[in-house]
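This report refers to the structure that appears directly beneath it.
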Amino acid sequence: MRRPTSTVGVLDVGCFSAHLLVVDAERGSPRDPVHSHKIRLRLDKSYDDSGSLTRDGIEAVAGAVAAIRRRAARVGVSLPDVIPFATSSIRDAANADEIVRQVARRTGVTLRRFTGTQEARLAYLAARRWFGWSAGALTVLDVGGGTVELAAGDADRPLVARSLPYGARTLTALGTDAEGRADLERLIRAALPADELAVLVGGRAIGCSKVFQQLARLADAPALRAADLDRWIPRLARLSARRRAKLPGISRHRAEQSLAGAVAARALMGVTGHDRVEISPWSTKEGLLLTLLEPGHHEAIAGVA
């Protein structure tokens, strides 16, 4: 495979996969990548009681990054041209620094760690570009494994960007059930100043995570409605993870967290006052790619640990 004249790429290391996505900078769109390669991970099974990623978990991350580096070399992509970053599954682990050191020692790749707020901004940019500049005010909601992100505004940059520790993996570990939505809504409201909440309430709601995508597929609808979740959350609560995995839209590796993800999504909709959430297939990874395609992108990603 001949390498394009100029490429940019990201290596997104998350709870369930390590995903390399590379685009041609001259064409400049994540819609048409020149290379995409994903390796499955199951970091949700690899935390100890202290919140640290276990040795097996670190080995899995290092192995996936090393395999992707070899794959990239075979297709002519140099990892120095790629921004490697870790999501909250690594960023918020009790031994995050050790994970980054061990992966760098094993692979030569140093994983960067965006803050939750930076991830919220990148997700907002991705949704803004997906729906277009004429879409008006947007409220972007993202349910991840460790955290949820909220961002809102009516321009290229959000007026509000927040990250809160109520992701699907976190809530599952806490034993959140179908009745947990009201408590979760109270916690989210308490974390948001009134002026920020007013902005979040005003926009067109966009869901930009695998959780929202899979819930919309479960509801068999192009957009996710509050009524869909009110109907499905009790059903999910009655099913084992194995039976949930047989439902449309619920992947086997996300089945255990699917109830908590649905509760988190419904709580975000309740707090922001939205009965309907449209779905964006782009999120943080694509937002970072879009940033890399812009002039002066080195300043835009400054501040990454």
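Chain identifiers are assigned as A, B, and so on, following the order in which chains appear in the structure tokens; residues are numbered from 1 within each chain, and ligands are numbered from 1 in order of appearance.
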
**OP:** as a ChimeraX atom specification, please: all residues of segment 114-291 of chain A that backbone DSSP puts in helix (DSSP H, G or I).
**Re:** /A:116-131,133-135,168-173,181-191,194-202,210-218,226-238,241-244,252-272,284-291

Original post:
So which residues touch Pro30 of chain A within 10 Å, counting only C-alpha atoms, skipping near sequence neighbours fewer than 2 positions away, as a list in words?
Top reply: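 So, after excluding close chain neighbours, the residues are Gly9, Leu21, Val22, Val23, Asp24, Ala25, Arg27, Gly28, Asp32, Pro33, Val34, Ala126, Trp282, Lys285, Glu286, Gly287, Leu289, Leu290 and Leu293 of chain A.
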
Dump C-alpha atoms for the selected residues as a compact mmCIF listing (two decimals), in the first residue's frame?
# COMPACT_ATOMS: atom_id res chain seq x y z
CA GLY A 9 -3.88 9.67 12.60
CA LEU A 21 -7.53 5.58 12.41
CA VAL A 22 -5.50 7.38 9.73
CA VAL A 23 -6.72 9.91 7.17
CA ASP A 24 -5.21 11.65 4.18
CA ALA A 25 -4.60 15.25 5.22
CA ARG A 27 -8.66 15.08 1.56
CA GLY A 28 -9.14 15.92 5.20
CA ASP A 32 -12.79 8.36 4.29
CA PRO A 33 -9.85 6.91 6.28
CA VAL A 34 -6.89 5.48 4.43
CA ALA A 126 -16.95 16.12 16.11
CA TRP A 282 -18.29 10.79 15.44
CA LYS A 285 -11.43 10.20 18.23
CA GLU A 286 -12.86 11.98 15.20
CA GLY A 287 -12.75 15.32 17.02
CA LEU A 289 -8.52 13.91 13.91
CA LEU A 290 -10.38 17.03 12.82
CA LEU A 293 -6.25 18.55 10.17

Original post:
Could you pull the residues within 9 Å of Gly207 of chain A, counting only C-alpha atoms, minus those fewer than 6 positions along the same chain, as a list in words?
Top reply: Ala127, Thr139, Val140, Leu141, Asp142, Val143, Gln213, Ala223, Leu224, Ala265, Val277, Glu278, Ile279, Ser280, Pro281 and Ser283 of chain A

**OP:** Quick one: everything within 9 Å of Leu43 of chain A, counting only C-alpha atoms, minus sequence neighbours fewer than 6 positions away in the same chain. Send it as a count of residues only.
**Re:** 11

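Of all the residues in segment 114-299 of chain A, the ones DSSP labels as strand (DSSP E) from the backbone are Leu138, Thr139, Val140, Leu141, Asp142, Val143, Val148, Glu149, Leu150, Ala151, Ala152, Gly153, Val160, Ala161, Arg162, Ser163, Leu164, Arg204, Ala205, Ile206, Gly207, Ala223, Leu224, Arg225, Arg276, Val277, Glu278 and Ile279 of chain A.
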
For the residues in the current selection, export N, CA and C atoms as a compact mmCIF listing (two decimals), in the first residue's frame.
# COMPACT_ATOMS: atom_id res chain seq x y z
N LEU A 138 -26.05 23.23 19.93
CA LEU A 138 -26.00 21.80 20.18
C LEU A 138 -25.71 21.52 21.65
N THR A 139 -26.34 20.48 22.16
CA THR A 139 -26.00 19.92 23.47
C THR A 139 -25.50 18.51 23.22
N VAL A 140 -24.22 18.28 23.42
CA VAL A 140 -23.57 17.02 23.08
C VAL A 140 -23.40 16.18 24.34
N LEU A 141 -23.91 14.96 24.29
CA LEU A 141 -23.88 14.05 25.44
C LEU A 141 -23.09 12.81 25.07
N ASP A 142 -22.22 12.38 25.97
CA ASP A 142 -21.35 11.23 25.70
C ASP A 142 -21.28 10.38 26.96
N VAL A 143 -21.69 9.12 26.85
CA VAL A 143 -21.58 8.19 27.98
C VAL A 143 -20.42 7.26 27.69
N VAL A 148 -18.97 10.51 32.05
CA VAL A 148 -19.89 11.07 31.06
C VAL A 148 -19.41 12.48 30.75
N GLU A 149 -19.60 12.89 29.50
CA GLU A 149 -19.22 14.24 29.09
C GLU A 149 -20.43 14.99 28.57
N LEU A 150 -20.47 16.28 28.87
CA LEU A 150 -21.52 17.17 28.38
C LEU A 150 -20.84 18.41 27.81
N ALA A 151 -21.30 18.87 26.66
CA ALA A 151 -20.78 20.09 26.07
C ALA A 151 -21.89 20.75 25.29
N ALA A 152 -21.88 22.07 25.25
CA ALA A 152 -22.96 22.78 24.56
C ALA A 152 -22.47 24.14 24.07
N GLY A 153 -23.08 24.59 23.00
CA GLY A 153 -22.77 25.90 22.45
C GLY A 153 -23.40 26.06 21.09
N VAL A 160 -19.88 25.45 27.18
CA VAL A 160 -19.81 24.60 28.37
C VAL A 160 -19.19 23.27 27.98
N ALA A 161 -18.26 22.78 28.77
CA ALA A 161 -17.69 21.45 28.57
C ALA A 161 -17.41 20.86 29.94
N ARG A 162 -18.05 19.73 30.24
CA ARG A 162 -17.94 19.12 31.56
C ARG A 162 -17.72 17.61 31.44
N SER A 163 -16.99 17.07 32.39
CA SER A 163 -16.82 15.62 32.51
C SER A 163 -17.12 15.23 33.95
N LEU A 164 -17.94 14.20 34.12
CA LEU A 164 -18.34 13.76 35.45
C LEU A 164 -18.14 12.25 35.58
N ARG A 204 -29.89 21.60 20.69
CA ARG A 204 -30.36 20.38 20.02
C ARG A 204 -29.50 19.22 20.52
N ALA A 205 -30.11 18.19 21.08
CA ALA A 205 -29.37 17.15 21.77
C ALA A 205 -28.76 16.15 20.79
N ILE A 206 -27.46 15.88 20.99
CA ILE A 206 -26.72 14.94 20.15
C ILE A 206 -26.02 13.93 21.06
N GLY A 207 -26.20 12.66 20.79
CA GLY A 207 -25.49 11.60 21.50
C GLY A 207 -24.35 11.09 20.64
N ALA A 223 -33.14 8.10 16.03
CA ALA A 223 -32.84 8.94 17.19
C ALA A 223 -33.39 8.25 18.43
N LEU A 224 -32.78 8.56 19.57
CA LEU A 224 -33.18 7.92 20.82
C LEU A 224 -34.13 8.83 21.59
N ARG A 225 -35.26 8.29 21.99
CA ARG A 225 -36.25 9.06 22.74
C ARG A 225 -36.29 8.61 24.20
N ARG A 276 -35.46 13.82 23.17
CA ARG A 276 -35.00 13.17 21.95
C ARG A 276 -33.53 13.50 21.73
N VAL A 277 -32.73 12.48 21.43
CA VAL A 277 -31.31 12.66 21.18
C VAL A 277 -30.98 12.11 19.79
N GLU A 278 -30.45 12.95 18.93
CA GLU A 278 -29.98 12.49 17.63
C GLU A 278 -28.60 11.87 17.80
N ILE A 279 -28.23 11.01 16.86
CA ILE A 279 -27.01 10.22 17.00
C ILE A 279 -25.93 10.71 16.04

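The gap separating atom CA of Pro234 of chain A from atom CA of Arg181 of chain A is 11.6 Å, in Å to one decimal.
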
Which residues are close to Gly180 of chain A, i.e. within 8 Å by only C-alpha atoms, leaving aside same-chain residues fewer than 4 positions away? Reply as an mmCIF file with N, CA and C atoms, in the first residue's frame.
data_model
loop_
_atom_site.group_PDB
_atom_site.id
_atom_site.type_symbol
_atom_site.label_atom_id
_atom_site.label_comp_id
_atom_site.auth_asym_id
_atom_site.auth_seq_id
_atom_site.Cartn_x
_atom_site.Cartn_y
_atom_site.Cartn_z
ATOM 1 N N THR A 176 -25.423 0.171 40.202
ATOM 2 C CA THR A 176 -26.576 0.958 39.769
ATOM 3 C C THR A 176 -27.618 0.066 39.110
ATOM 4 N N LEU A 184 -28.955 9.609 40.240
ATOM 5 C CA LEU A 184 -27.921 10.047 39.317
ATOM 6 C C LEU A 184 -28.226 11.442 38.779
ATOM 7 N N VAL A 263 -29.126 3.857 31.927
ATOM 8 C CA VAL A 263 -29.507 4.726 33.052
ATOM 9 C C VAL A 263 -28.765 6.060 32.962
#

**OP:** Enter the distance from atom CA of Asp228 of chain A to atom CA of Phe212 of chain A, in Å, rounded to one decimal.
**Re:**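 Distance between the two atoms: 11.8 Å.
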
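Relative to atom CA of Asp275 of chain A, atom CA of Ala227 of chain A is found at 7.7 Å.
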
Original post:
With only C-alpha atoms as the atoms that count, which of A:Arg70, A:Val199, A:Arg235, A:Ala262 lies nearest to Tyr166 of chain A?
Top reply: A:Ala262

Subject >> Which residue of A:Arg91, A:Arg186, A:Arg238, A:Arg74 approaches Ala264 of chain A most closely, using only C-alpha atoms >> reply: A:Arg186

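The protein and nucleic acid residues lying at most 8 Å from Gly51 of chain A are Ala93, Ala94 and Asn95 of chain A, with only C-alpha atoms considered and sequence neighbours fewer than 5 positions away removed.
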
Subject >> Long-range neighbours of segment 110-118 of chain A as a PyMOL selection string, 10 Å cut-off, only C-alpha atoms, 6 positions minimum in chain >> reply: chain A and resi 11-13+65+83-88+90-92+96+99-104+124+146-151+160-165+284+288+301-305

Serialized selection, C-alpha atoms, as a PDB file, in the first residue's frame:
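Below is the file part-v5.pdb, written as the result:
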ATOM      1  CA  LEU A  11      -4.556   5.681  18.193  1.00  0.00           C
ATOM      2  CA  ASP A  12      -7.476   5.542  20.610  1.00  0.00           C
ATOM      3  CA  VAL A  13      -6.865   3.124  23.501  1.00  0.00           C
ATOM      4  CA  VAL A  65      -0.346  -1.156  20.975  1.00  0.00           C
ATOM      5  CA  ILE A  83      -1.348  10.872  18.254  1.00  0.00           C
ATOM      6  CA  PRO A  84      -1.781   7.954  20.699  1.00  0.00           C
ATOM      7  CA  PHE A  85      -4.183   8.666  23.546  1.00  0.00           C
ATOM      8  CA  ALA A  86      -5.865   6.795  26.372  1.00  0.00           C
ATOM      9  CA  THR A  87      -9.430   7.327  27.533  1.00  0.00           C
ATOM     10  CA  SER A  88     -10.728   7.294  31.106  1.00  0.00           C
ATOM     11  CA  ILE A  90      -6.479   4.290  31.731  1.00  0.00           C
ATOM     12  CA  ARG A  91      -6.500   7.975  32.657  1.00  0.00           C
ATOM     13  CA  ASP A  92      -8.573   7.395  35.794  1.00  0.00           C
ATOM     14  CA  ALA A  96      -2.295   5.407  35.391  1.00  0.00           C
ATOM     15  CA  ILE A  99       0.451   1.952  32.833  1.00  0.00           C
ATOM     16  CA  VAL A 100       1.812   4.703  30.597  1.00  0.00           C
ATOM     17  CA  ARG A 101       5.408   3.933  31.630  1.00  0.00           C
ATOM     18  CA  GLN A 102       5.063   0.196  31.064  1.00  0.00           C
ATOM     19  CA  VAL A 103       3.408   0.605  27.660  1.00  0.00           C
ATOM     20  CA  ALA A 104       6.108   3.078  26.591  1.00  0.00           C
ATOM     21  CA  TYR A 124     -18.495  18.656  20.641  1.00  0.00           C
ATOM     22  CA  GLY A 146     -15.529   5.807  33.403  1.00  0.00           C
ATOM     23  CA  THR A 147     -17.104   9.197  32.782  1.00  0.00           C
ATOM     24  CA  VAL A 148     -19.893  11.071  31.060  1.00  0.00           C
ATOM     25  CA  GLU A 149     -19.217  14.241  29.086  1.00  0.00           C
ATOM     26  CA  LEU A 150     -21.519  17.169  28.378  1.00  0.00           C
ATOM     27  CA  ALA A 151     -20.776  20.094  26.072  1.00  0.00           C
ATOM     28  CA  VAL A 160     -19.814  24.603  28.374  1.00  0.00           C
ATOM     29  CA  ALA A 161     -17.695  21.449  28.570  1.00  0.00           C
ATOM     30  CA  ARG A 162     -17.940  19.120  31.556  1.00  0.00           C
ATOM     31  CA  SER A 163     -16.817  15.621  32.512  1.00  0.00           C
ATOM     32  CA  LEU A 164     -18.344  13.758  35.452  1.00  0.00           C
ATOM     33  CA  PRO A 165     -17.407  10.351  36.942  1.00  0.00           C
ATOM     34  CA  THR A 284     -13.606  12.164  20.655  1.00  0.00           C
ATOM     35  CA  LEU A 288      -9.026  14.843  17.562  1.00  0.00           C
ATOM     36  CA  ILE A 301      -3.631  19.771  21.567  1.00  0.00           C
ATOM     37  CA  ALA A 302      -1.262  21.477  23.971  1.00  0.00           C
ATOM     38  CA  GLY A 303      -1.721  20.643  27.619  1.00  0.00           C
ATOM     39  CA  VAL A 304      -2.036  16.906  27.109  1.00  0.00           C
ATOM     40  CA  ALA A 305      -0.215  15.030  29.889  1.00  0.00           C
TER      41      ALA A 305
END
